[in-house]
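> Pasting data17.cif here (mmCIF, C-alpha atoms and all ligand atoms):
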```
data_start
loop_
_atom_site.label_atom_id
_atom_site.label_comp_id
_atom_site.auth_asym_id
_atom_site.auth_seq_id
_atom_site.Cartn_x
_atom_site.Cartn_y
_atom_site.Cartn_z
CA MET A 6 63.09 56.45 75.18
CA ALA A 7 65.87 56.55 77.76
CA GLU A 8 69.32 56.78 76.24
CA TYR A 9 72.22 56.32 78.61
CA ARG A 10 75.91 56.85 77.78
CA VAL A 11 77.56 53.62 78.79
CA GLY A 12 81.18 52.63 79.40
CA VAL A 13 82.52 49.09 79.16
CA LEU A 14 85.42 48.28 81.51
CA GLY A 15 87.48 45.35 80.25
CA ALA A 16 86.03 46.03 76.79
CA THR A 17 88.78 44.08 75.01
CA GLY A 18 88.21 40.78 76.89
CA THR A 19 85.82 37.89 76.25
CA VAL A 20 83.00 39.34 78.36
CA GLY A 21 83.78 42.89 77.22
CA GLN A 22 83.40 41.86 73.58
CA LYS A 23 80.10 40.21 74.40
CA PHE A 24 78.90 43.53 75.87
CA ILE A 25 79.86 45.30 72.63
CA HIS A 26 78.07 42.63 70.61
CA LEU A 27 74.89 42.63 72.73
CA LEU A 28 74.67 46.41 73.08
CA ARG A 29 75.06 47.19 69.36
CA ASN A 30 71.32 47.79 68.84
CA HIS A 31 70.19 48.33 72.40
CA PRO A 32 67.20 50.69 72.68
CA TRP A 33 68.39 52.40 75.90
CA PHE A 34 72.17 51.94 76.23
CA ARG A 35 74.74 53.50 73.87
CA VAL A 36 78.43 52.60 74.30
CA THR A 37 80.43 55.84 74.46
CA ALA A 38 83.62 54.79 76.29
CA LEU A 39 85.86 51.74 76.34
CA GLY A 40 88.28 50.92 79.15
CA ALA A 41 91.01 48.30 79.43
CA SER A 42 94.61 47.99 80.66
CA GLU A 43 97.64 50.16 79.88
CA ARG A 44 98.44 47.60 77.16
CA SER A 45 95.35 48.64 75.20
CA ALA A 46 94.99 52.30 76.19
CA GLY A 47 95.62 54.79 73.37
CA LYS A 48 94.86 52.22 70.64
CA THR A 49 91.66 52.09 68.64
CA TYR A 50 89.33 49.29 69.73
CA ARG A 51 90.09 47.50 66.44
CA GLU A 52 93.84 47.61 67.13
CA ALA A 53 93.55 46.64 70.80
CA THR A 54 91.10 43.76 70.46
CA ASN A 55 91.43 40.24 69.22
CA TRP A 56 87.76 40.14 68.17
CA THR A 57 86.31 36.65 68.68
CA GLU A 58 82.61 37.35 68.15
CA SER A 59 80.99 35.82 65.07
CA THR A 60 79.40 39.14 64.06
CA GLU A 61 81.48 42.00 62.62
CA MET A 62 82.94 44.46 65.09
CA PRO A 63 80.59 47.49 64.91
CA ASP A 64 82.28 50.24 62.82
CA ASP A 65 81.62 53.10 65.25
CA ILE A 66 83.08 51.10 68.17
CA ALA A 67 86.07 49.89 66.12
CA GLU A 68 87.33 53.46 65.68
CA MET A 69 86.89 54.52 69.33
CA THR A 70 90.06 54.95 71.38
CA VAL A 71 90.45 52.66 74.38
CA THR A 72 91.37 54.41 77.65
CA THR A 73 92.59 53.23 81.01
CA CYS A 74 89.78 52.55 83.49
CA GLU A 75 89.57 55.86 85.33
CA PRO A 76 86.28 57.63 86.08
CA ASP A 77 87.41 61.06 84.85
CA ARG A 78 88.50 59.59 81.50
CA MET A 79 85.09 58.10 80.79
CA ASP A 80 82.21 60.54 80.29
CA VAL A 81 79.36 58.11 80.94
CA ASP A 82 76.20 57.65 82.99
CA PHE A 83 77.21 54.19 84.20
CA VAL A 84 79.61 51.34 83.38
CA PHE A 85 79.42 47.64 82.73
CA SER A 86 82.47 45.74 83.93
CA GLY A 87 84.11 42.66 82.45
CA LEU A 88 87.36 43.32 84.28
CA ASP A 89 89.80 40.69 85.39
CA ALA A 90 88.92 40.01 89.04
CA ALA A 91 92.53 40.56 90.12
CA ILE A 92 92.26 44.29 89.39
CA ALA A 93 88.49 44.92 89.38
CA GLY A 94 88.15 45.79 93.08
CA ASP A 95 89.86 49.20 93.19
CA ILE A 96 88.67 50.26 89.74
CA GLU A 97 85.02 49.44 90.36
CA LYS A 98 85.11 51.16 93.76
CA ALA A 99 86.62 54.28 92.18
CA PHE A 100 83.75 54.46 89.66
CA ALA A 101 81.09 53.97 92.33
CA GLU A 102 82.74 56.63 94.52
CA ALA A 103 82.78 59.01 91.54
CA GLY A 104 78.99 58.63 91.24
CA LYS A 105 79.00 56.20 88.30
CA PRO A 106 77.03 52.99 88.87
CA VAL A 107 78.97 49.79 88.18
CA ILE A 108 77.20 46.68 86.90
CA THR A 109 79.79 43.97 87.05
CA ASN A 110 80.67 40.38 86.29
CA ALA A 111 83.76 40.30 88.45
CA ARG A 112 83.52 38.40 91.71
CA VAL A 113 85.10 40.97 94.05
CA TYR A 114 81.93 42.51 95.53
CA ARG A 115 79.55 39.56 95.15
CA GLN A 116 79.58 38.83 98.89
CA HIS A 117 79.72 42.46 100.06
CA GLU A 118 76.90 43.01 102.59
CA THR A 119 75.30 45.90 100.73
CA VAL A 120 75.93 44.80 97.15
CA PRO A 121 73.15 42.92 95.37
CA LEU A 122 74.20 39.65 93.77
CA MET A 123 71.36 39.67 91.31
CA VAL A 124 69.65 37.81 88.50
CA PRO A 125 66.46 39.70 87.64
CA GLU A 126 64.36 36.53 87.29
CA ILE A 127 65.54 35.16 90.66
CA ASN A 128 65.88 37.97 93.22
CA PRO A 129 64.87 41.37 91.77
CA ASP A 130 63.86 42.54 95.27
CA HIS A 131 67.54 42.47 96.38
CA ILE A 132 67.97 45.66 94.33
CA GLU A 133 66.94 47.54 97.48
CA LEU A 134 70.29 46.71 99.10
CA ILE A 135 71.68 49.54 96.95
CA ASN A 136 69.99 51.99 99.31
CA GLU A 137 72.39 50.79 102.05
CA GLN A 138 75.58 51.40 100.02
CA GLN A 139 78.07 54.02 101.18
CA PHE A 140 80.42 54.21 98.18
CA ASP A 141 79.09 57.60 97.06
CA PRO A 142 77.81 60.10 99.64
CA ASN A 143 75.56 61.59 96.93
CA GLY A 144 73.92 58.21 96.39
CA ARG A 145 74.39 58.16 92.59
CA GLY A 146 77.23 55.63 92.44
CA PHE A 147 76.71 52.02 93.48
CA ILE A 148 77.77 48.47 92.59
CA VAL A 149 75.56 45.61 91.41
CA THR A 150 77.04 42.19 90.65
CA ASN A 151 75.87 39.11 88.83
CA PRO A 152 76.87 35.62 89.90
CA ASN A 153 79.33 33.17 88.45
CA CYS A 154 78.44 31.60 85.09
CA VAL A 155 77.52 28.21 86.63
CA CYS A 156 75.54 29.67 89.54
CA ILE A 157 73.24 31.54 87.17
CA PRO A 158 71.88 28.55 85.18
CA LEU A 159 71.96 26.34 88.27
CA THR A 160 69.95 28.76 90.40
CA MET A 161 67.56 29.68 87.58
CA ALA A 162 66.78 26.00 87.03
CA LEU A 163 66.38 25.44 90.78
CA LYS A 164 64.23 28.54 91.36
CA PRO A 165 60.83 27.10 90.26
CA ILE A 166 61.61 23.95 92.29
CA TRP A 167 62.80 25.98 95.28
CA ASP A 168 59.58 28.05 95.18
CA ALA A 169 57.30 25.00 94.98
CA PHE A 170 59.01 22.35 97.11
CA GLY A 171 62.13 23.76 98.79
CA VAL A 172 65.61 22.28 98.29
CA GLU A 173 67.57 20.33 100.89
CA SER A 174 70.81 19.44 99.06
CA VAL A 175 72.37 19.43 95.60
CA ILE A 176 75.13 17.43 93.94
CA LEU A 177 76.31 18.53 90.52
CA THR A 178 78.94 18.18 87.84
CA SER A 179 79.53 21.19 85.61
CA MET A 180 80.92 20.75 82.10
CA GLN A 181 82.25 24.22 81.40
CA ALA A 182 83.07 25.77 78.04
CA VAL A 183 86.53 27.16 77.28
CA SER A 184 85.22 30.73 76.75
CA GLY A 185 84.51 30.71 80.49
CA ALA A 186 88.24 31.04 81.09
CA GLY A 187 88.52 34.29 79.09
CA TYR A 188 91.06 34.90 76.33
CA PRO A 189 93.46 33.23 75.61
CA GLY A 190 92.23 30.98 78.41
CA VAL A 191 93.09 27.28 78.60
CA PRO A 192 96.07 26.21 76.41
CA SER A 193 94.88 24.19 73.40
CA LEU A 194 97.16 21.29 74.31
CA ASP A 195 95.41 20.97 77.67
CA ILE A 196 91.85 20.95 76.33
CA LEU A 197 91.74 19.49 72.79
CA GLY A 198 90.48 15.90 73.00
CA ASN A 199 90.52 16.21 76.77
CA ILE A 200 88.60 17.14 79.92
CA VAL A 201 90.25 18.98 82.81
CA PRO A 202 88.44 17.89 85.97
CA TYR A 203 89.36 20.90 88.11
CA ILE A 204 88.77 24.66 87.84
CA GLY A 205 90.43 26.58 90.66
CA GLY A 206 88.02 28.36 93.04
CA GLU A 207 84.94 27.34 91.05
CA GLU A 208 83.43 24.73 93.35
CA GLU A 209 83.51 27.11 96.34
CA LYS A 210 81.64 29.80 94.33
CA ILE A 211 79.06 27.26 93.16
CA ALA A 212 78.41 26.25 96.78
CA LEU A 213 78.11 29.82 98.08
CA GLU A 214 76.54 32.14 95.50
CA PRO A 215 73.16 30.36 95.16
CA MET A 216 72.71 30.87 98.94
CA LYS A 217 72.79 34.64 98.55
CA LEU A 218 70.67 34.55 95.38
CA LEU A 219 67.97 32.48 97.07
CA GLY A 220 68.34 34.41 100.32
CA LYS A 221 65.68 36.70 101.79
CA LEU A 222 65.98 40.45 102.13
CA GLU A 223 65.06 41.09 105.78
CA ASN A 224 65.82 44.26 107.78
CA LYS A 225 68.00 45.62 104.94
CA LYS A 226 70.20 42.49 104.93
CA ILE A 227 70.23 39.18 103.10
CA THR A 228 69.54 36.09 105.18
CA PHE A 229 71.24 33.42 103.12
CA ALA A 230 69.52 30.21 102.09
CA ASP A 231 71.15 27.26 103.77
CA PHE A 232 71.65 23.93 102.03
CA PRO A 233 74.79 22.09 100.91
CA ILE A 234 75.91 22.02 97.27
CA GLN A 235 78.61 19.53 96.34
CA ALA A 236 80.05 20.54 92.97
CA ALA A 237 82.64 19.02 90.63
CA ALA A 238 83.69 21.58 88.02
CA ALA A 239 85.30 20.40 84.79
CA ARG A 240 86.57 22.26 81.72
CA VAL A 241 85.45 20.56 78.49
CA PRO A 242 86.33 21.21 74.82
CA VAL A 243 83.19 23.22 74.04
CA VAL A 244 83.36 26.85 72.92
CA ASP A 245 80.27 28.34 74.60
CA GLY A 246 77.66 27.02 77.03
CA HIS A 247 78.06 25.38 80.43
CA LEU A 248 76.14 22.12 80.82
CA LEU A 249 75.29 20.92 84.34
CA SER A 250 74.24 17.50 85.56
CA VAL A 251 72.31 18.09 88.78
CA THR A 252 70.82 15.80 91.44
CA ALA A 253 68.79 17.31 94.26
CA LYS A 254 66.99 16.38 97.44
CA LEU A 255 63.86 18.47 97.99
CA LYS A 256 62.30 19.58 101.28
CA ASN A 257 58.89 18.35 100.18
CA TYR A 258 59.20 16.03 97.20
CA PRO A 259 55.65 15.56 95.94
CA GLY A 260 56.33 11.88 95.11
CA ASP A 261 55.54 12.38 91.44
CA ILE A 262 58.07 13.79 88.96
CA GLU A 263 55.24 15.09 86.76
CA LYS A 264 54.37 17.56 89.54
CA VAL A 265 57.94 18.87 89.46
CA LYS A 266 57.77 19.25 85.67
CA GLU A 267 54.49 21.11 86.08
CA ALA A 268 56.06 23.48 88.61
CA VAL A 269 58.91 24.27 86.20
CA ARG A 270 56.55 24.77 83.25
CA ASN A 271 54.08 26.92 85.21
CA TRP A 272 56.71 29.06 86.94
CA ARG A 273 56.39 32.75 86.11
CA SER A 274 59.30 35.16 86.22
CA PRO A 275 58.82 37.95 88.79
CA ILE A 276 59.86 40.54 86.16
CA ALA A 277 57.59 39.23 83.39
CA ASP A 278 55.32 42.30 83.52
CA LEU A 279 58.14 44.82 83.16
CA ASN A 280 58.75 43.94 79.47
CA LEU A 281 62.47 44.66 79.73
CA PRO A 282 64.01 44.74 76.23
CA SER A 283 66.40 41.81 76.78
CA ALA A 284 64.20 39.64 79.03
CA PRO A 285 63.35 36.30 77.42
CA ALA A 286 59.64 35.41 77.38
CA GLU A 287 60.52 31.99 78.81
CA PRO A 288 63.63 32.29 81.02
CA VAL A 289 63.69 28.55 81.84
CA HIS A 290 62.65 26.08 79.16
CA LEU A 291 62.14 22.40 79.96
CA TYR A 292 62.88 20.18 76.97
CA ASP A 293 61.03 16.87 76.50
CA ASP A 294 63.60 15.33 74.17
CA PRO A 295 66.07 13.50 76.45
CA ARG A 296 68.98 14.46 74.17
CA TYR A 297 68.42 18.17 74.88
CA PRO A 298 69.69 20.73 75.81
CA GLN A 299 73.11 20.64 74.11
CA PRO A 300 75.64 23.52 74.13
CA ARG A 301 76.07 23.75 70.35
CA HIS A 302 72.37 23.68 69.57
CA HIS A 303 70.66 25.35 72.50
CA ALA A 304 73.06 27.74 74.27
CA LEU A 305 71.86 30.58 72.04
CA ALA A 306 68.13 29.99 72.65
CA ALA A 307 66.33 33.32 73.22
CA ASN A 308 69.50 35.20 72.23
CA GLY A 309 71.53 33.27 74.79
CA LEU A 310 69.36 34.34 77.72
CA GLN A 311 67.24 31.23 78.13
CA VAL A 312 68.34 28.48 80.51
CA GLY A 313 67.59 25.05 79.08
CA MET A 314 66.55 22.17 81.34
CA GLY A 315 66.20 18.58 80.29
CA ARG A 316 66.03 14.99 81.46
CA LEU A 317 64.05 15.99 84.54
CA ARG A 318 63.61 12.63 86.19
CA GLU A 319 63.34 10.85 89.52
CA SER A 320 66.59 10.04 91.27
CA LYS A 321 67.07 6.75 93.12
CA VAL A 322 69.71 8.40 95.30
CA LEU A 323 68.18 11.81 96.14
CA ASP A 324 64.76 12.96 94.80
CA ILE A 325 65.24 14.43 91.35
CA ALA A 326 67.88 14.78 88.63
CA PHE A 327 68.13 17.03 85.58
CA THR A 328 70.52 18.70 83.15
CA ALA A 329 70.73 22.47 82.76
CA LEU A 330 72.45 24.64 80.19
CA GLY A 331 73.34 28.32 80.19
CA HIS A 332 75.34 30.41 77.72
CA ASN A 333 78.27 31.40 79.95
CA THR A 334 79.19 34.75 78.41
CA ILE A 335 75.57 35.84 77.74
CA ARG A 336 73.20 34.49 80.44
CA GLY A 337 76.22 33.79 82.66
CA ALA A 338 77.87 37.20 82.23
CA ALA A 339 77.26 40.17 79.88
CA GLY A 340 73.61 39.41 79.07
CA CYS A 341 72.75 39.07 82.76
CA SER A 342 74.47 42.41 83.49
CA ILE A 343 72.47 44.10 80.74
CA LEU A 344 69.26 42.66 82.20
CA ASN A 345 70.33 43.95 85.62
CA ALA A 346 70.84 47.41 84.09
CA GLU A 347 67.41 47.28 82.45
CA LEU A 348 65.87 46.41 85.81
CA LEU A 349 67.83 49.23 87.48
CA HIS A 350 66.41 51.64 84.90
CA ALA A 351 62.86 50.32 85.38
CA ARG A 352 63.21 50.79 89.16
CA GLY A 353 64.61 54.34 88.82
CA TYR A 354 68.17 53.65 90.03
CA LEU A 355 69.94 54.95 86.90
CA LYS A 356 70.28 58.67 86.18
CA ARG A 357 71.26 60.43 82.96
N1 LIG B 1 84.24 34.36 80.47
C1 LIG B 1 83.14 34.06 81.15
O1 LIG B 1 82.34 33.17 80.76
C2 LIG B 1 82.80 34.79 82.43
C3 LIG B 1 81.56 34.53 83.01
C4 LIG B 1 81.21 35.19 84.19
C5 LIG B 1 82.08 36.08 84.76
N2 LIG B 1 83.30 36.32 84.21
C6 LIG B 1 84.16 37.32 84.84
O2 LIG B 1 84.23 38.46 83.98
C7 LIG B 1 85.51 39.07 84.06
C8 LIG B 1 86.15 39.11 82.68
O3 LIG B 1 86.35 37.79 82.20
P1 LIG B 1 86.85 37.51 80.73
O4 LIG B 1 86.63 36.07 80.54
O5 LIG B 1 86.28 38.48 79.77
O6 LIG B 1 88.45 37.83 80.89
P2 LIG B 1 89.50 38.29 79.78
O7 LIG B 1 89.11 37.82 78.43
O8 LIG B 1 90.82 37.88 80.33
O9 LIG B 1 89.41 39.91 79.80
C9 LIG B 1 89.91 40.67 80.86
C10 LIG B 1 89.75 42.17 80.60
O10 LIG B 1 90.31 42.88 81.74
C11 LIG B 1 91.22 43.86 81.23
N3 LIG B 1 92.33 44.09 82.16
C12 LIG B 1 93.27 43.20 82.59
N4 LIG B 1 94.16 43.81 83.43
C13 LIG B 1 93.75 45.09 83.53
C14 LIG B 1 94.25 46.23 84.24
N5 LIG B 1 95.35 46.16 85.01
N6 LIG B 1 93.59 47.41 84.13
C15 LIG B 1 92.46 47.49 83.36
N7 LIG B 1 91.96 46.47 82.65
C16 LIG B 1 92.58 45.27 82.74
C17 LIG B 1 91.74 43.31 79.93
O11 LIG B 1 92.27 44.37 79.14
P3 LIG B 1 93.55 44.15 78.14
O12 LIG B 1 93.02 43.51 76.90
O13 LIG B 1 94.03 45.55 77.92
O14 LIG B 1 94.53 43.27 78.86
C18 LIG B 1 90.46 42.68 79.36
O15 LIG B 1 89.70 43.70 78.75
C19 LIG B 1 86.32 38.25 85.08
O16 LIG B 1 86.22 38.87 86.33
C20 LIG B 1 85.61 36.90 85.05
O17 LIG B 1 85.79 36.18 86.24
C21 LIG B 1 83.68 35.70 83.04
#
```
Mind converting the file's structure to structure tokens?
Ligand SMILES: NC(=O)c1ccc[n+]([C@@H]2O[C@H](COP(=O)([O-])OP(=O)(O)OC[C@H]3O[C@@H](n4cnc5c(N)ncnc54)[C@H](OP(=O)(O)O)[C@@H]3O)[C@@H](O)[C@H]2O)c1


Amino acid sequence: MAEYRVGVLGATGTVGQKFIHLLRNHPWFRVTALGASERSAGKTYREATNWTESTEMPDDIAEMTVTTCEPDRMDVDFVFSGLDAAIAGDIEKAFAEAGKPVITNARVYRQHETVPLMVPEINPDHIELINEQQFDPNGRGFIVTNPNCVCIPLTMALKPIWDAFGVESVILTSMQAVSGAGYPGVPSLDILGNIVPYIGGEEEKIALEPMKLLGKLENKKITFADFPIQAAAARVPVVDGHLLSVTAKLKNYPGDIEKVKEAVRNWRSPIADLNLPSAPAEPVHLYDDPRYPQPRHHALAANGLQVGMGRLRESKVLDIAFTALGHNTIRGAAGCSILNAELLHARGYLKR
């Protein structure tokens, strides 16, 4: 089986730790280098990291020395990035230019013309944009991004509906977990027993990123989807799992909510036949019980990679309404990046 040497940039952060956790038994990807800031460089991973995962830090990783994020310090085939967006741009570009593919969670390149903004179950064909990238004249280095942690569950839940009926407009409220703000994140005195009804920059991303994800690859470019999304993003005192309350107007509402449920239940992921190691058998699960999905009980369904949908019902204001749930650091970040890497391997874009 393929075994790639993999680096994790931002390995000490919330998303970086999730990479370490998810990659510990991966059949293809072996973590051989850890990058973070000057504050962490030179320390062992155990010393540098405030480990917040519920599993033990893997022993072999714990004793590795963290380096700064420079391509010639990391002897790897490609890197995953969980870097702070404020500094990710130059670092990720340097890796791509040095011939090392970058599979990133940071937002910097999400809207770059030649960079795929990709969720394998939504737009695997956008992978071909890589062929247009100019970062590395030898064509080995490139950048692939995944969307924001709300856009992923939102667009995955909309995808079967988009395919069957089209979407004309969406209104949503997101109830976002504290782990979405990284570590140490939101001060405890702001969030305990409270809800903060504003997350800077979030509503703009929620309105924009689904348009690229649902866009069409035509003449080597993405023609964006075009419908309005009005979002209200709130931080809630939940550890993991973003819950969304969504109302949507469809292009062709079939006039019967059961037909919409059928479309969700019968939808088939475009990568189902590839049998990628991390791909969930059922990427979107529609619950019947109106109390479900809930962050504490369902965010980890299918190892955190399944998006839960519930309360799919008719709306008296638009056409339909539903709730959706996605684990923000797994489906919404590290897990989605790992799936992107598995797809890149299956399509022959990764080299050892
Ligand atoms: N948390 C989520 O649910 C989520 C979801 C989707 C996307 N994202 C995105 O993923 C990225 C990471 O988020 P996070 O929540 O994991 O943040 P975080 O916990 O704050 O971690 C940030 C990481 O970046 C490193 N870093 C900071 N400054 C650096 C520098 N100058 N040079 C090199 N490394 C530096 C940190 O290393 P030190 O420990 O050495 O400071 C740490 O490893 C962000 O771009 C975020 O927007 C997060």

> Excluding Pro242 of chain A and residues on its chain fewer than 3 positions from it, collect all residues at most 9 Å away from it, counting all atoms listed in the file, and give them as a PyMOL selection string.

chain A and resi 181-183+196-200

> Out of A:Ile204, A:Leu14, A:Ala101, A:Met216, which residue has the shortest atom-to-atom distance to ligand LIG 1 (chain B) when counting only C-alpha atoms and all ligand atoms?

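Ranked by minimum distance to ligand LIG 1 (chain B), first place goes to A:Leu14.
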
> So, with all atoms listed in the file as the atoms that count, which of A:Gly15, A:Pro63, A:Gly313, A:Gly220 lies closest to Asp294 of chain A?

A:Gly313

> Take atom CA of Asn271 of chain A and atom CA of Lys256 of chain A and report the distance between them in Å, one decimal.

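One can read the atom CA of Asn271 of chain A to atom CA of Lys256 of chain A distance as 19.5 Å.
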
> May I have the centre and edge lengths, in Å to one decimal, of an axis-aligned box around the listed atoms of ligand LIG 1 (chain B) with 4 Å added to every side, as lines of an AutoDock Vina configuration file?


```
center_x = 88.3
center_y = 40.3
center_z = 81.6
size_x = 22.1
size_y = 22.3
size_z = 17.4
```

> Using only C-alpha atoms and all ligand atoms, determine which residues fall within 6 Å of ligand LIG 1 (chain B), then list them as a ChimeraX atom specification.

/A:15-21,41-42,44-45,74,87-90,92,110-111,153-154,184-188,333-334,337-338

> In Å, with one decimal, what is the gap from atom CA of Thr252 of chain A to atom CA of Gln311 of chain A?

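Interatomic distance here is 20.7 Å.
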
> Atom CA of Thr160 of chain A and atom CA of Glu209 of chain A, how far apart in Å?

14.9 Å

> Using all atoms listed in the file - which residues lie no farther than 10 Å from the point (66.2, 53.2, 81.3) in the file's frame? Write them as number ranges by chain.

A: 6-9, 32-34, 281, 346-357

> At a cut-off of 6 Å, using all atoms listed in the file, what residues contact segment 128-142 of chain A? Leave out same-chain residues fewer than 6 positions from it and give the result as a PyMOL selection string.

chain A and resi 101-102+104+119+121

> Could you check which of A:Lys321, A:Arg316, A:Gly246, A:Pro259 is closest to His303 of chain A, using all atoms listed in the file?

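Using all atoms listed in the file, His303 of chain A sits closest to A:Gly246.
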
> Leaving out Lys23 of chain A and any residue of its chain fewer than 6 positions from it, which residues lie within 8 Å of it when counting only C-alpha atoms, given as a list of chain:residue names?

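These residues fall inside the cut-off: A:Glu58, A:Thr334, A:Ile335, A:Ala339.
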